[in-house]
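J.: Pasting my_file.txt below, which is compact mmCIF, C-alpha atoms and all ligand atoms.
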```txt
# COMPACT_ATOMS: atom_id res chain seq x y z
CA MET A 1 -116.47 -212.08 -76.87
CA ASP A 2 -118.82 -209.23 -76.22
CA CYS A 3 -116.74 -206.46 -77.79
CA ILE A 4 -118.52 -203.76 -79.77
CA PHE A 5 -115.48 -203.06 -81.96
CA CYS A 6 -114.99 -206.76 -82.78
CA LYS A 7 -118.66 -206.85 -83.79
CA ILE A 8 -118.18 -203.79 -86.01
CA ILE A 9 -115.07 -205.37 -87.58
CA LYS A 10 -117.04 -208.56 -88.31
CA GLY A 11 -119.90 -206.53 -89.79
CA GLU A 12 -122.33 -207.68 -87.10
CA VAL A 13 -122.91 -204.09 -85.99
CA PRO A 14 -123.23 -201.34 -88.61
CA SER A 15 -120.78 -198.45 -88.74
CA SER A 16 -119.82 -195.68 -91.11
CA LEU A 17 -116.75 -197.34 -92.53
CA LEU A 18 -114.25 -195.01 -94.17
CA TYR A 19 -111.36 -197.40 -94.78
CA GLU A 20 -110.55 -201.07 -94.33
CA ASP A 21 -107.55 -203.27 -95.02
CA GLU A 22 -106.22 -206.54 -93.62
CA TYR A 23 -105.01 -204.83 -90.44
CA MET A 24 -107.51 -202.17 -89.46
CA ILE A 25 -110.69 -200.24 -90.02
CA ILE A 26 -111.29 -196.50 -89.81
CA ILE A 27 -114.86 -195.52 -88.91
CA LYS A 28 -116.67 -192.37 -87.83
CA ASP A 29 -117.12 -192.08 -84.08
CA ILE A 30 -120.79 -192.43 -83.20
CA SER A 31 -120.55 -189.47 -80.83
CA PRO A 32 -118.19 -186.97 -82.50
CA GLN A 33 -116.19 -184.55 -80.36
CA ALA A 34 -114.77 -182.54 -83.29
CA ASP A 35 -115.88 -181.65 -86.80
CA LYS A 36 -114.17 -184.83 -87.93
CA HIS A 37 -113.84 -187.60 -85.34
CA TYR A 38 -112.72 -190.99 -86.56
CA LEU A 39 -111.62 -194.19 -84.85
CA LEU A 40 -108.68 -196.20 -86.16
CA ILE A 41 -109.24 -199.73 -84.86
CA PRO A 42 -106.75 -202.57 -85.39
CA LYS A 43 -108.64 -205.75 -86.29
CA ARG A 44 -106.94 -207.97 -83.73
CA HIS A 45 -108.54 -207.65 -80.29
CA TYR A 46 -106.30 -206.44 -77.48
CA GLN A 47 -107.08 -203.90 -74.83
CA SER A 48 -104.39 -201.26 -75.23
CA ILE A 49 -100.71 -200.70 -76.01
CA VAL A 50 -100.03 -202.21 -72.58
CA HIS A 51 -101.21 -205.54 -74.00
CA MET A 52 -99.63 -205.52 -77.44
CA SER A 53 -97.26 -208.13 -78.87
CA GLY A 54 -94.25 -207.51 -81.08
CA TYR A 55 -96.35 -208.40 -84.10
CA ASP A 56 -99.08 -205.99 -82.97
CA ALA A 57 -96.42 -203.28 -82.86
CA PHE A 58 -95.43 -204.04 -86.45
CA VAL A 59 -99.08 -203.93 -87.51
CA LEU A 60 -99.72 -200.69 -85.67
CA ALA A 61 -96.79 -199.01 -87.41
CA LYS A 62 -98.31 -200.02 -90.75
CA CYS A 63 -101.70 -198.66 -89.67
CA LEU A 64 -100.27 -195.30 -88.66
CA ARG A 65 -98.29 -195.04 -91.87
CA LYS A 66 -101.45 -195.75 -93.87
CA LEU A 67 -103.30 -193.09 -91.90
CA GLY A 68 -100.60 -190.65 -92.93
CA GLU A 69 -101.31 -191.51 -96.55
CA LEU A 70 -105.07 -191.08 -96.13
CA THR A 71 -105.14 -187.69 -94.42
CA GLU A 72 -106.17 -185.64 -97.46
CA GLU A 73 -109.01 -187.94 -98.45
CA LEU A 74 -110.22 -188.07 -94.86
CA GLY A 75 -110.47 -184.25 -94.79
CA LEU A 76 -107.58 -183.91 -92.36
CA GLY A 77 -105.24 -181.92 -94.56
CA GLY A 78 -105.26 -178.96 -92.15
CA GLY A 79 -103.91 -181.12 -89.34
CA PHE A 80 -105.35 -183.43 -86.73
CA ARG A 81 -104.83 -185.03 -83.34
CA ILE A 82 -104.41 -188.72 -82.47
CA ALA A 83 -105.31 -189.92 -78.97
CA SER A 84 -105.71 -193.31 -77.35
CA ASN A 85 -107.39 -193.53 -73.97
CA VAL A 86 -105.92 -196.26 -71.74
CA GLY A 87 -107.51 -197.70 -68.64
CA GLU A 88 -109.58 -196.07 -65.98
CA ASN A 89 -107.64 -192.83 -65.54
CA GLY A 90 -107.49 -192.46 -69.31
CA CYS A 91 -111.30 -192.88 -69.46
CA GLN A 92 -111.12 -195.83 -71.87
CA SER A 93 -114.69 -197.05 -72.36
CA VAL A 94 -114.14 -199.72 -75.04
CA PRO A 95 -111.43 -202.25 -74.10
CA HIS A 96 -110.23 -202.85 -77.69
CA LEU A 97 -107.29 -200.70 -78.74
CA HIS A 98 -108.35 -197.73 -80.84
CA PHE A 99 -107.07 -194.33 -81.77
CA HIS A 100 -109.25 -191.26 -81.86
CA ILE A 101 -108.46 -189.06 -84.85
CA LEU A 102 -109.80 -185.56 -84.40
CA GLY A 103 -109.66 -182.73 -86.90
CA GLY A 104 -111.51 -180.80 -89.55
CA GLU A 105 -111.27 -177.68 -87.42
CA LYS A 106 -108.86 -175.92 -85.04
CA LEU A 107 -108.73 -178.05 -81.88
CA SER A 108 -108.33 -176.98 -78.29
CA GLU A 109 -104.76 -176.43 -77.13
CA LYS A 110 -105.66 -178.38 -73.99
CA MET A 111 -105.07 -182.10 -74.06
CA GLY A 112 -106.68 -183.10 -70.80
P1 LIG B 1 -112.87 -194.58 -75.50
O1 LIG B 1 -113.78 -193.92 -74.51
O2 LIG B 1 -112.77 -196.06 -75.23
O3 LIG B 1 -111.56 -193.92 -75.69
O4 LIG B 1 -113.59 -194.40 -76.91
C1 LIG B 1 -114.63 -195.18 -77.35
C2 LIG B 1 -115.27 -194.42 -78.47
O5 LIG B 1 -116.06 -195.31 -79.21
C3 LIG B 1 -116.19 -193.28 -78.01
O6 LIG B 1 -115.75 -192.06 -78.58
C4 LIG B 1 -117.56 -193.69 -78.51
O7 LIG B 1 -118.32 -192.60 -78.98
C5 LIG B 1 -117.23 -194.66 -79.62
N1 LIG B 1 -118.21 -195.69 -79.83
C6 LIG B 1 -118.76 -196.49 -78.87
N2 LIG B 1 -119.63 -197.36 -79.43
C7 LIG B 1 -119.59 -197.11 -80.76
C8 LIG B 1 -120.29 -197.69 -81.87
O8 LIG B 1 -121.10 -198.60 -81.76
N3 LIG B 1 -120.02 -197.18 -83.10
C9 LIG B 1 -119.11 -196.17 -83.29
N4 LIG B 1 -118.92 -195.74 -84.54
N5 LIG B 1 -118.45 -195.60 -82.26
C10 LIG B 1 -118.70 -196.06 -81.02
ZN ZN B 2 -112.57 -206.39 -79.66
```
With the file now loaded, output its structure as structure tokens.
T.:
Amino acid sequence: MDCIFCKIIKGEVPSSLLYEDEYMIIIKDISPQADKHYLLIPKRHYQSIVHMSGYDAFVLAKCLRKLGELTEELGLGGGFRIASNVGENGCQSVPHLHFHILGGEKLSEKMG
């Protein structure tokens, strides 16, 4: 499958990897939109929360909990924002579920 995030997960495409476990990776976004802009990417390929299984939901809860534990070491102690773009109206450009994690500075009050 020609999925850039699957290739990054397999190590076929380089990335700035910040964290990895059996369920997910956290990397720096290649085109940051905040002082700190990371991507939390579950390892299993599916397009979005619209396409997730019950097991994916279990895994995602573990991923988010782990993110909560990593905030200080990721430089997000002052707070952050999590966003996941879904589909065309959401401007999703990579069809492999991922969460943008933005922080390191005071963010805009506007969400969209
Ligand atoms: P989306 O638009 O799907 O919500 O977000 C995709 C994100 O992936 C974008 O913020 C884009 O900058 C990032 N991205 C796309 N290709 C790569 C890549 O090869 N490496 C990294 N680190 N980020 C990427
Ligand atoms: Zn993928």
J.: Using all atoms listed in the file, what are the residues with an atom within 6 Å of ligand ZN 2 (chain B), set out as a PyMOL selection string?
T.: chain A and resi 3+5-6+45+96
J.: Measure the distance from atom CA of A:Leu40 to atom CA of A:Ile82 in Å and round it to one decimal.
T.: 9.4 Å
J.: Set the distance at 10 Å and use all atoms listed in the file: which residues neighbour A:Leu17 once local chain neighbours fewer than 5 positions away are removed? I'd like the list as a tab-separated table (two decimals) with C-alpha atoms, keeping the file's coordinate frame.
T.:
```tsv
chain	number	residue	atom	x	y	z
A	8	ILE	CA	-118.18	-203.79	-86.01
A	9	ILE	CA	-115.07	-205.37	-87.58
A	25	ILE	CA	-110.69	-200.24	-90.02
A	26	ILE	CA	-111.29	-196.50	-89.81
A	27	ILE	CA	-114.86	-195.52	-88.91
A	28	LYS	CA	-116.67	-192.37	-87.83
A	29	ASP	CA	-117.12	-192.08	-84.08
A	38	TYR	CA	-112.72	-190.99	-86.56
A	39	LEU	CA	-111.62	-194.19	-84.85
```
J.: Residues of chain A within 10 Å of ligand LIG 1 (chain B): nearest atom pair and distance (Å, one decimal) for each, counting only C-alpha atoms and all ligand atoms, sorted by chain and number, as CSV?
T.:
```
residue,atom,partner,partner_atom,distance
A:Cys3,CA,B:LIG1,N2,9.7
A:Ile4,CA,B:LIG1,O8,6.1
A:Phe5,CA,B:LIG1,O8,7.2
A:Lys7,CA,B:LIG1,O8,8.8
A:Ile8,CA,B:LIG1,O8,7.3
A:Val13,CA,B:LIG1,O8,7.2
A:Pro14,CA,B:LIG1,N3,7.6
A:Ser15,CA,B:LIG1,N4,5.3
A:Ser16,CA,B:LIG1,N4,6.6
A:Leu17,CA,B:LIG1,N4,8.4
A:Ile26,CA,B:LIG1,N4,9.3
A:Ile27,CA,B:LIG1,N4,6.0
A:Lys28,CA,B:LIG1,N4,5.2
A:Asp29,CA,B:LIG1,N4,4.1
A:Ile30,CA,B:LIG1,N4,4.0
A:Ser31,CA,B:LIG1,O7,4.3
A:Pro32,CA,B:LIG1,O7,6.6
A:Gln33,CA,B:LIG1,O6,7.7
A:His37,CA,B:LIG1,O6,8.3
A:Tyr38,CA,B:LIG1,N4,8.1
A:Leu39,CA,B:LIG1,O5,7.3
A:Ile41,CA,B:LIG1,O5,9.9
A:Gln47,CA,B:LIG1,O2,9.7
A:Ser48,CA,B:LIG1,O2,9.9
A:Ala83,CA,B:LIG1,O3,8.1
A:Ser84,CA,B:LIG1,O3,6.1
A:Asn85,CA,B:LIG1,O3,4.5
A:Val86,CA,B:LIG1,O3,7.3
A:Gly87,CA,B:LIG1,O2,8.6
A:Glu88,CA,B:LIG1,O1,9.7
A:Gly90,CA,B:LIG1,O3,7.7
A:Cys91,CA,B:LIG1,O1,5.7
A:Gln92,CA,B:LIG1,O2,3.8
A:Ser93,CA,B:LIG1,O2,3.6
A:Val94,CA,B:LIG1,O2,3.9
A:Pro95,CA,B:LIG1,O2,6.4
A:His96,CA,B:LIG1,O2,7.7
A:Leu97,CA,B:LIG1,O2,8.0
A:His98,CA,B:LIG1,O3,7.2
A:Phe99,CA,B:LIG1,O3,7.6
A:His100,CA,B:LIG1,O3,7.1
```
J.: Calculated over only C-alpha atoms, which of the candidates A:Lys36, A:His51, A:Lys62, A:Lys43 has the smallest distance to A:Gly11?
T.: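 Using only C-alpha atoms, A:Gly11 sits closest to A:Lys43.
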J.: Tell me which protein, DNA and RNA residues are within 10 Å of A:Met111, counting all atoms listed in the file, leaving out same-chain ones fewer than 3 positions away, and put them as a PyMOL selection string.
T.: chain A and resi 81+83+107-108
J.: Record the distance separating atom CA of A:Lys66 and atom CA of A:Ile101, expressed in Å with one decimal.
T.: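 So the answer is 13.2 Å.
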J.: Mind pulling up the distance from atom CA of A:Tyr23 to atom CA of A:Gly54?
T.: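 Between atom CA of A:Gly54 and atom CA of A:Tyr23 the gap works out to 14.5 Å.
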J.: Measuring atom to atom with only C-alpha atoms, identify which of A:Pro42, A:Asp35, A:Glu69, A:Asn89 is nearest to A:Ala57.
T.: A:Pro42
J.: Might you pull out every residue within 9 Å of A:Gly104, with only C-alpha atoms counted and same-chain residues fewer than 6 positions away left off, and present them as an MDAnalysis selection string?
T.: chainID A and resid 34:37 75:80
J.: Can you spit out the residues from that selection as a PDB file, keeping the file's coordinate frame, using C-alpha atoms?
T.:
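Saved to part.pdb:
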```pdb
ATOM      1  CA  ALA A  34    -114.770-182.540 -83.290  1.00  0.00           C
ATOM      2  CA  ASP A  35    -115.880-181.650 -86.800  1.00  0.00           C
ATOM      3  CA  LYS A  36    -114.170-184.830 -87.930  1.00  0.00           C
ATOM      4  CA  HIS A  37    -113.840-187.600 -85.340  1.00  0.00           C
ATOM      5  CA  GLY A  75    -110.470-184.250 -94.790  1.00  0.00           C
ATOM      6  CA  LEU A  76    -107.580-183.910 -92.360  1.00  0.00           C
ATOM      7  CA  GLY A  77    -105.240-181.920 -94.560  1.00  0.00           C
ATOM      8  CA  GLY A  78    -105.260-178.960 -92.150  1.00  0.00           C
ATOM      9  CA  GLY A  79    -103.910-181.120 -89.340  1.00  0.00           C
ATOM     10  CA  PHE A  80    -105.350-183.430 -86.730  1.00  0.00           C
TER      11      PHE A  80
END
```
